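Quick notes on the structure that follows.
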Amino acid sequence: MIHIVAGKRRGDWLVVSVSYSDVTLRCPISFKGYIWKNFCYLVEKKEQQWPKS
């Protein structure tokens with residue numbers, strides 16, 4: 001589970017898979033999945049409520 005702060009991908013996502021070249025995310029509300037080229041390079045682990053309100 002991740003929360004993206006800005007951009008066209010902003011919001012809460014379920015991480016389905018990560019490979020060398022792409023990442024697959026699923027919307028926790030509509031359950032639609034999207035495959036994007038890798039775009040996340042900074043990862044920070046936090047304990048917080050999810051989905052973020």
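In the structure tokens, chains take letters A, B, ... by order of appearance, with residues numbered from 1 within each chain and ligands from 1 in the order shown.
Backbone DSSP over chain A gives strand (DSSP E or B) for Ile2, His3, Ile4, Gly11, Asp12, Trp13, Leu14, Val15, Val16, Ser17, Val18, Asp22, Val23, Thr24, Leu25, Arg26, Gly33, Tyr34, Ile35, Trp36 and Lys37 of chain A.
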List the neighbours of segment 18-34 of chain A out to 12 Å using only C-alpha atoms; skip same-chain residues closer than 2 positions along the sequence, and give me the result as a list in words.
->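 These residues fall inside the cut-off: Met1, Ile2, His3, Ile4, Arg9, Arg10, Gly11, Asp12, Trp13, Leu14, Val15, Val16, Trp36, Lys37, Asn38, Phe39, Cys40, Tyr41, Trp50, Pro51 and Lys52 of chain A.
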